[in-house]
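Reproduced below: protein.csv, with CSV, C-alpha atoms.
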```csv
chain,number,residue,atom,x,y,z
E,184,MET,CA,-6.8,7.4,18.9
E,185,GLU,CA,-4.2,9.6,17.3
E,186,ILE,CA,-2.4,9.9,14.0
E,187,LEU,CA,0.8,8.0,14.3
E,188,GLY,CA,2.1,8.5,10.8
E,189,ILE,CA,1.2,9.7,7.3
E,190,GLY,CA,2.6,8.7,3.9
E,191,THR,CA,2.0,9.7,0.3
E,192,ASP,CA,3.3,8.4,-3.0
E,193,ILE,CA,2.8,9.2,-6.7
E,194,THR,CA,3.8,6.9,-9.6
E,195,GLU,CA,3.7,7.1,-13.3
E,196,CYS,CA,1.2,4.6,-14.8
E,197,LEU,CA,3.5,4.1,-17.8
E,198,ARG,CA,6.3,2.9,-15.5
E,199,ILE,CA,4.0,0.3,-14.0
E,200,GLY,CA,2.7,-0.7,-17.4
E,201,ARG,CA,6.3,-1.2,-18.7
E,202,MET,CA,7.1,-3.4,-15.7
E,203,ILE,CA,4.0,-5.5,-16.3
E,204,GLU,CA,5.0,-5.8,-20.0
E,205,ARG,CA,8.6,-6.6,-19.3
E,206,HIS,CA,8.1,-9.1,-16.4
E,207,GLY,CA,4.5,-10.2,-16.7
E,208,GLU,CA,3.1,-12.6,-14.2
E,209,LEU,CA,6.4,-12.8,-12.3
E,210,PHE,CA,6.1,-9.0,-11.5
E,211,LEU,CA,2.4,-9.2,-10.7
E,212,GLN,CA,2.7,-12.1,-8.3
E,213,ARG,CA,5.7,-10.6,-6.6
E,214,VAL,CA,4.1,-7.3,-5.9
E,215,PHE,CA,0.3,-7.9,-5.7
E,216,THR,CA,-1.9,-10.4,-3.9
E,217,PRO,CA,-4.2,-12.7,-6.0
E,218,ALA,CA,-7.2,-10.6,-5.0
E,219,GLU,CA,-5.4,-7.4,-6.1
E,220,ILE,CA,-4.5,-8.9,-9.4
E,221,MET,CA,-8.0,-10.1,-10.1
E,222,TYR,CA,-9.5,-6.7,-9.1
E,223,CYS,CA,-7.1,-4.7,-11.4
E,224,GLN,CA,-7.3,-7.1,-14.3
E,225,CYS,CA,-11.1,-6.8,-14.3
E,226,ARG,CA,-11.0,-3.0,-14.7
E,227,LYS,CA,-11.1,-1.2,-18.1
E,228,GLN,CA,-7.9,0.7,-17.2
E,229,ALA,CA,-6.0,-2.1,-15.4
E,230,THR,CA,-2.6,-0.4,-15.5
E,231,GLN,CA,-4.0,2.7,-13.7
E,232,HIS,CA,-5.4,0.4,-11.0
E,233,PHE,CA,-2.1,-1.5,-10.6
E,234,ALA,CA,-0.3,1.8,-10.4
E,235,GLY,CA,-2.8,3.0,-7.7
E,236,ARG,CA,-2.2,0.0,-5.6
E,237,TRP,CA,1.6,0.3,-6.0
E,238,ALA,CA,1.3,3.9,-4.8
E,239,ALA,CA,-0.9,2.8,-1.9
E,240,LYS,CA,1.6,0.2,-0.7
E,241,GLU,CA,4.4,2.7,-0.8
E,242,ALA,CA,2.2,5.3,1.1
E,243,VAL,CA,1.3,2.7,3.8
E,244,LEU,CA,4.9,1.9,4.5
E,245,LYS,CA,5.8,5.6,4.7
E,246,ALA,CA,3.0,6.0,7.1
E,247,LEU,CA,4.4,3.2,9.2
E,248,GLY,CA,7.9,4.7,8.9
E,249,THR,CA,9.4,1.3,7.9
E,250,GLY,CA,10.0,1.3,4.1
E,251,TRP,CA,10.8,-2.0,2.5
E,252,VAL,CA,13.0,-3.3,5.3
E,253,ARG,CA,12.7,-5.4,8.5
E,254,GLY,CA,11.2,-8.4,6.8
E,255,ILE,CA,8.3,-6.5,5.0
E,256,GLY,CA,7.4,-7.7,1.5
E,257,TRP,CA,5.1,-6.2,-1.1
E,258,ARG,CA,2.3,-8.6,-0.5
E,259,ASP,CA,2.4,-7.8,3.3
E,260,VAL,CA,0.3,-4.8,2.4
E,261,GLU,CA,-2.9,-5.5,0.5
E,262,ILE,CA,-5.5,-3.1,-0.7
E,263,VAL,CA,-9.0,-4.4,-0.8
E,264,ASN,CA,-12.2,-2.7,-1.8
E,265,ARG,CA,-15.3,-2.7,0.4
E,266,PRO,CA,-18.8,-2.6,-1.0
E,267,GLY,CA,-19.2,0.7,-2.7
E,268,GLY,CA,-15.6,0.8,-3.7
E,269,ARG,CA,-13.9,2.2,-0.6
E,270,PRO,CA,-10.3,1.0,-0.4
E,271,GLU,CA,-9.1,-0.6,2.8
E,272,VAL,CA,-5.7,-1.6,3.9
E,273,VAL,CA,-5.0,-5.2,5.1
E,274,LEU,CA,-1.6,-5.7,6.8
E,275,ARG,CA,0.0,-9.2,7.0
E,276,ASP,CA,3.2,-10.7,8.3
E,277,GLY,CA,6.1,-8.1,8.6
E,278,ALA,CA,3.8,-5.1,8.0
E,279,ARG,CA,1.3,-6.3,10.6
E,280,GLN,CA,4.1,-6.8,13.1
E,281,ALA,CA,5.6,-3.4,12.5
E,282,ALA,CA,2.1,-1.8,12.9
E,283,GLU,CA,1.5,-3.6,16.2
E,284,PHE,CA,4.9,-2.6,17.5
E,285,LEU,CA,4.1,1.1,16.7
E,286,GLY,CA,0.6,0.9,18.2
E,287,VAL,CA,-1.1,1.3,14.8
E,288,SER,CA,-4.6,-0.2,14.9
E,289,SER,CA,-5.6,0.8,11.3
E,290,VAL,CA,-4.3,2.5,8.2
E,291,GLU,CA,-6.7,4.7,6.3
E,292,ILE,CA,-6.0,5.1,2.5
E,293,SER,CA,-7.1,7.3,-0.3
E,294,ILE,CA,-6.1,6.4,-3.9
E,295,SER,CA,-6.5,8.5,-7.1
E,296,HIS,CA,-5.4,7.9,-10.7
E,297,CYS,CA,-5.7,9.3,-14.1
E,298,ARG,CA,-4.2,8.3,-17.5
E,299,THR,CA,-0.7,9.3,-16.6
E,300,HIS,CA,-0.3,9.1,-12.8
E,301,ALA,CA,-1.6,7.4,-9.7
E,302,THR,CA,-1.3,8.7,-6.2
E,303,ALA,CA,-2.2,7.5,-2.7
E,304,PHE,CA,-2.3,9.0,0.8
E,305,ALA,CA,-2.2,6.9,3.9
E,306,VAL,CA,-2.8,7.8,7.6
E,307,ALA,CA,-1.7,5.4,10.4
E,308,VAL,CA,-4.1,5.6,13.3
E,309,GLY,CA,-3.7,4.1,16.8
E,310,GLU,CA,-2.4,4.6,20.3
E,311,ARG,CA,1.2,5.5,20.7
E,312,HIS,CA,3.0,3.2,23.2
E,313,ARG,CA,4.1,5.2,26.3
E,314,ASP,CA,7.7,4.2,25.9
E,315,GLY,CA,7.5,3.2,22.2
E,316,PRO,CA,9.5,4.3,19.2
E,317,ALA,CA,8.9,8.1,19.9
E,318,GLY,CA,10.3,7.7,23.4
E,319,PRO,CA,8.7,8.5,26.7
E,320,GLU,CA,5.7,10.8,26.6
E,321,THR,CA,6.4,14.3,27.8
E,322,GLY,CA,3.9,16.7,29.3
```
Translate this file's structure into structure tokens.
Amino acid sequence: MEILGIGTDITECLRIGRMIERHGELFLQRVFTPAEIMYCQCRKQATQHFAGRWAAKEAVLKALGTGWVRGIGWRDVEIVNRPGGRPEVVLRDGARQAAEFLGVSSVEISISHCRTHATAFAVAVGERHRDGPAGPETG
């Protein structure tokens, strides 16, 4: 296994809070999965958690090197929490297809937030295809 990509993102919690206020459920349902919405809304500082997941989704797509193109939607990247609170990335549809094409078997994620900002760091791990996107192996 090797690191195939890394990504990081930082976002202002106030920005996400304003988008939630302005667009409400339409925004939440466009960007977050039902499980993510439930998780964040059950937290005391829900806006910070939504901002953390926003940053995590951005970081994951940077780690994959795709951005929001090639048929990838916001809800194709889901952040779930394992027992004990450890966040885990679940890829679906376009994001899963991009990861498979690149040889990514998993994406590790770390999320942090405070009152004003949320940040996330993602590492795409897997086995690079011999003649994949980076070209033929040398050496």
At most 12 Å is the cut-off: for each residue in stretch 280-300 of chain E with any atom that close to an atom of stretch 200-204 of chain E, write down the nearest atom pair and the distance in Å rounded to one decimal, counting only C-alpha atoms, chain first then increasing number, as CSV.
```
residue,atom,partner,partner_atom,distance
E:Arg298,CA,E:Gly200,CA,11.3
E:Thr299,CA,E:Gly200,CA,10.6
E:His300,CA,E:Gly200,CA,11.2
```
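Atom CA of E:Trp257 to atom CA of E:Glu185 spans 26.0 Å [interatomic distance, one decimal].
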message: What does the structure give for the distance between atom CA of E:Gly235 and atom CA of E:Ala303, in Å to one decimal?
response: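 Computed distance, atom CA of E:Gly235 to atom CA of E:Ala303, equals 6.8 Å.
Note that the spacing between atom CA of E:Val287 and atom CA of E:Gly267 amounts to 25.2 Å.
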Around (-3.9, 9.3, 2.6), as given in the file, which residues come within 12 Å? Count only C-alpha atoms and list them as a PDB file with C-alpha atoms, in the frame of the given file.
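Full text of part_23.pdb as output:
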```pdb
ATOM      1  CA  ILE E 186      -2.400   9.900  14.000  1.00  0.00           C
ATOM      2  CA  GLY E 188       2.100   8.500  10.800  1.00  0.00           C
ATOM      3  CA  ILE E 189       1.200   9.700   7.300  1.00  0.00           C
ATOM      4  CA  GLY E 190       2.600   8.700   3.900  1.00  0.00           C
ATOM      5  CA  THR E 191       2.000   9.700   0.300  1.00  0.00           C
ATOM      6  CA  ASP E 192       3.300   8.400  -3.000  1.00  0.00           C
ATOM      7  CA  ILE E 193       2.800   9.200  -6.700  1.00  0.00           C
ATOM      8  CA  ALA E 238       1.300   3.900  -4.800  1.00  0.00           C
ATOM      9  CA  ALA E 239      -0.900   2.800  -1.900  1.00  0.00           C
ATOM     10  CA  LYS E 240       1.600   0.200  -0.700  1.00  0.00           C
ATOM     11  CA  GLU E 241       4.400   2.700  -0.800  1.00  0.00           C
ATOM     12  CA  ALA E 242       2.200   5.300   1.100  1.00  0.00           C
ATOM     13  CA  VAL E 243       1.300   2.700   3.800  1.00  0.00           C
ATOM     14  CA  LEU E 244       4.900   1.900   4.500  1.00  0.00           C
ATOM     15  CA  LYS E 245       5.800   5.600   4.700  1.00  0.00           C
ATOM     16  CA  ALA E 246       3.000   6.000   7.100  1.00  0.00           C
ATOM     17  CA  PRO E 270     -10.300   1.000  -0.400  1.00  0.00           C
ATOM     18  CA  GLU E 271      -9.100  -0.600   2.800  1.00  0.00           C
ATOM     19  CA  VAL E 272      -5.700  -1.600   3.900  1.00  0.00           C
ATOM     20  CA  VAL E 290      -4.300   2.500   8.200  1.00  0.00           C
ATOM     21  CA  GLU E 291      -6.700   4.700   6.300  1.00  0.00           C
ATOM     22  CA  ILE E 292      -6.000   5.100   2.500  1.00  0.00           C
ATOM     23  CA  SER E 293      -7.100   7.300  -0.300  1.00  0.00           C
ATOM     24  CA  ILE E 294      -6.100   6.400  -3.900  1.00  0.00           C
ATOM     25  CA  SER E 295      -6.500   8.500  -7.100  1.00  0.00           C
ATOM     26  CA  THR E 302      -1.300   8.700  -6.200  1.00  0.00           C
ATOM     27  CA  ALA E 303      -2.200   7.500  -2.700  1.00  0.00           C
ATOM     28  CA  PHE E 304      -2.300   9.000   0.800  1.00  0.00           C
ATOM     29  CA  ALA E 305      -2.200   6.900   3.900  1.00  0.00           C
ATOM     30  CA  VAL E 306      -2.800   7.800   7.600  1.00  0.00           C
ATOM     31  CA  ALA E 307      -1.700   5.400  10.400  1.00  0.00           C
ATOM     32  CA  VAL E 308      -4.100   5.600  13.300  1.00  0.00           C
TER      33      VAL E 308
END
```
Would you kindly return, as a CSV table (one decimal) with C-alpha atoms, keeping the file's coordinate frame, each protein, DNA or RNA residue with an atom no farther than 8 Å from any atom of E:Glu219, considering all atoms listed in the file and excluding same-chain residues fewer than 5 positions away?
```csv
chain,number,residue,atom,x,y,z
E,261,GLU,CA,-2.9,-5.5,0.5
E,262,ILE,CA,-5.5,-3.1,-0.7
E,263,VAL,CA,-9.0,-4.4,-0.8
```
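When all atoms listed in the file are used to measure the gap to E:Val252, the shortest distance among E:Cys225, E:Met184, E:Cys297, E:Ala278 belongs to E:Ala278.
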- prompt: Using only C-alpha atoms, which of the listed residues (E:His206, E:Arg275, E:Arg236, E:Arg265) sits closest to E:His296?
  reply: E:Arg236
Selected residue, from E:Arg226, E:Trp251, E:Leu187, E:Phe215, that lies nearest to E:Leu285 when counting only C-alpha atoms: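 When distances to E:Leu285 are compared using only C-alpha atoms, the smallest one comes from E:Leu187.
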- prompt: Which residue gives the smallest distance to E:Phe233 among E:Ile255, E:Ala282, E:Ile220, E:Val260, with only C-alpha atoms counted?
  reply: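 For E:Phe233, the nearest of the candidates is E:Ile220.
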Write out all heavy atoms for stretch 277-288 of chain E, as a tab-separated table (two decimals), in the coordinates of the input.
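Saved to selection_38.tsv:
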```
chain	number	residue	atom	x	y	z
E	277	GLY	N	5.15	-9.17	8.16
E	277	GLY	CA	6.10	-8.10	8.60
E	277	GLY	C	5.40	-6.77	8.79
E	277	GLY	O	5.69	-6.04	9.74
E	278	ALA	N	4.52	-6.41	7.88
E	278	ALA	CA	3.80	-5.10	8.00
E	278	ALA	C	2.91	-5.08	9.18
E	278	ALA	O	2.83	-4.07	9.89
E	278	ALA	CB	3.06	-4.82	6.69
E	279	ARG	N	2.21	-6.18	9.43
E	279	ARG	CA	1.30	-6.30	10.60
E	279	ARG	C	2.13	-6.17	11.89
E	279	ARG	O	1.76	-5.47	12.84
E	279	ARG	CB	0.50	-7.55	10.57
E	279	ARG	CG	-0.49	-7.65	11.74
E	279	ARG	CD	-1.23	-8.96	11.75
E	279	ARG	NE	-0.39	-10.14	11.63
E	279	ARG	CZ	0.36	-10.65	12.60
E	279	ARG	NH1	0.39	-10.07	13.78
E	279	ARG	NH2	1.10	-11.74	12.40
E	280	GLN	N	3.26	-6.87	11.93
E	280	GLN	CA	4.10	-6.80	13.10
E	280	GLN	C	4.65	-5.43	13.38
E	280	GLN	O	4.67	-4.96	14.53
E	280	GLN	CB	5.26	-7.83	12.98
E	280	GLN	CG	4.82	-9.27	13.02
E	280	GLN	CD	5.93	-10.24	12.66
E	280	GLN	OE1	7.06	-9.84	12.36
E	280	GLN	NE2	5.62	-11.52	12.68
E	281	ALA	N	5.07	-4.73	12.33
E	281	ALA	CA	5.60	-3.40	12.50
E	281	ALA	C	4.46	-2.45	12.99
E	281	ALA	O	4.68	-1.63	13.89
E	281	ALA	CB	6.11	-2.84	11.15
E	282	ALA	N	3.26	-2.61	12.45
E	282	ALA	CA	2.10	-1.80	12.90
E	282	ALA	C	1.80	-2.04	14.35
E	282	ALA	O	1.58	-1.09	15.12
E	282	ALA	CB	0.91	-2.06	12.00
E	283	GLU	N	1.78	-3.29	14.76
E	283	GLU	CA	1.50	-3.60	16.20
E	283	GLU	C	2.55	-3.03	17.08
E	283	GLU	O	2.23	-2.49	18.14
E	283	GLU	CB	1.41	-5.14	16.33
E	283	GLU	CG	0.16	-5.74	15.74
E	283	GLU	CD	0.15	-7.26	15.78
E	283	GLU	OE1	1.16	-7.88	16.21
E	283	GLU	OE2	-0.86	-7.85	15.37
E	284	PHE	N	3.81	-3.11	16.69
E	284	PHE	CA	4.90	-2.60	17.50
E	284	PHE	C	4.73	-1.06	17.70
E	284	PHE	O	4.99	-0.53	18.78
E	284	PHE	CB	6.24	-2.87	16.83
E	284	PHE	CG	7.41	-2.25	17.56
E	284	PHE	CD1	7.88	-2.80	18.74
E	284	PHE	CD2	8.02	-1.11	17.07
E	284	PHE	CE1	8.95	-2.22	19.41
E	284	PHE	CE2	9.08	-0.52	17.73
E	284	PHE	CZ	9.56	-1.08	18.91
E	285	LEU	N	4.27	-0.39	16.65
E	285	LEU	CA	4.10	1.10	16.70
E	285	LEU	C	2.79	1.48	17.38
E	285	LEU	O	2.59	2.67	17.64
E	285	LEU	CB	4.16	1.65	15.30
E	285	LEU	CG	5.50	1.49	14.59
E	285	LEU	CD1	5.35	1.83	13.11
E	285	LEU	CD2	6.55	2.35	15.25
E	286	GLY	N	1.88	0.53	17.62
E	286	GLY	CA	0.60	0.90	18.20
E	286	GLY	C	-0.46	1.25	17.17
E	286	GLY	O	-1.51	1.80	17.51
E	287	VAL	N	-0.19	0.95	15.90
E	287	VAL	CA	-1.10	1.30	14.80
E	287	VAL	C	-2.24	0.25	14.80
E	287	VAL	O	-2.00	-0.94	14.67
E	287	VAL	CB	-0.40	1.33	13.45
E	287	VAL	CG1	-1.39	1.49	12.31
E	287	VAL	CG2	0.65	2.43	13.45
E	288	SER	N	-3.48	0.73	14.89
E	288	SER	CA	-4.60	-0.20	14.90
E	288	SER	C	-5.25	-0.24	13.46
E	288	SER	O	-5.91	-1.22	13.13
E	288	SER	CB	-5.67	0.22	15.89
E	288	SER	OG	-6.09	1.55	15.67
```
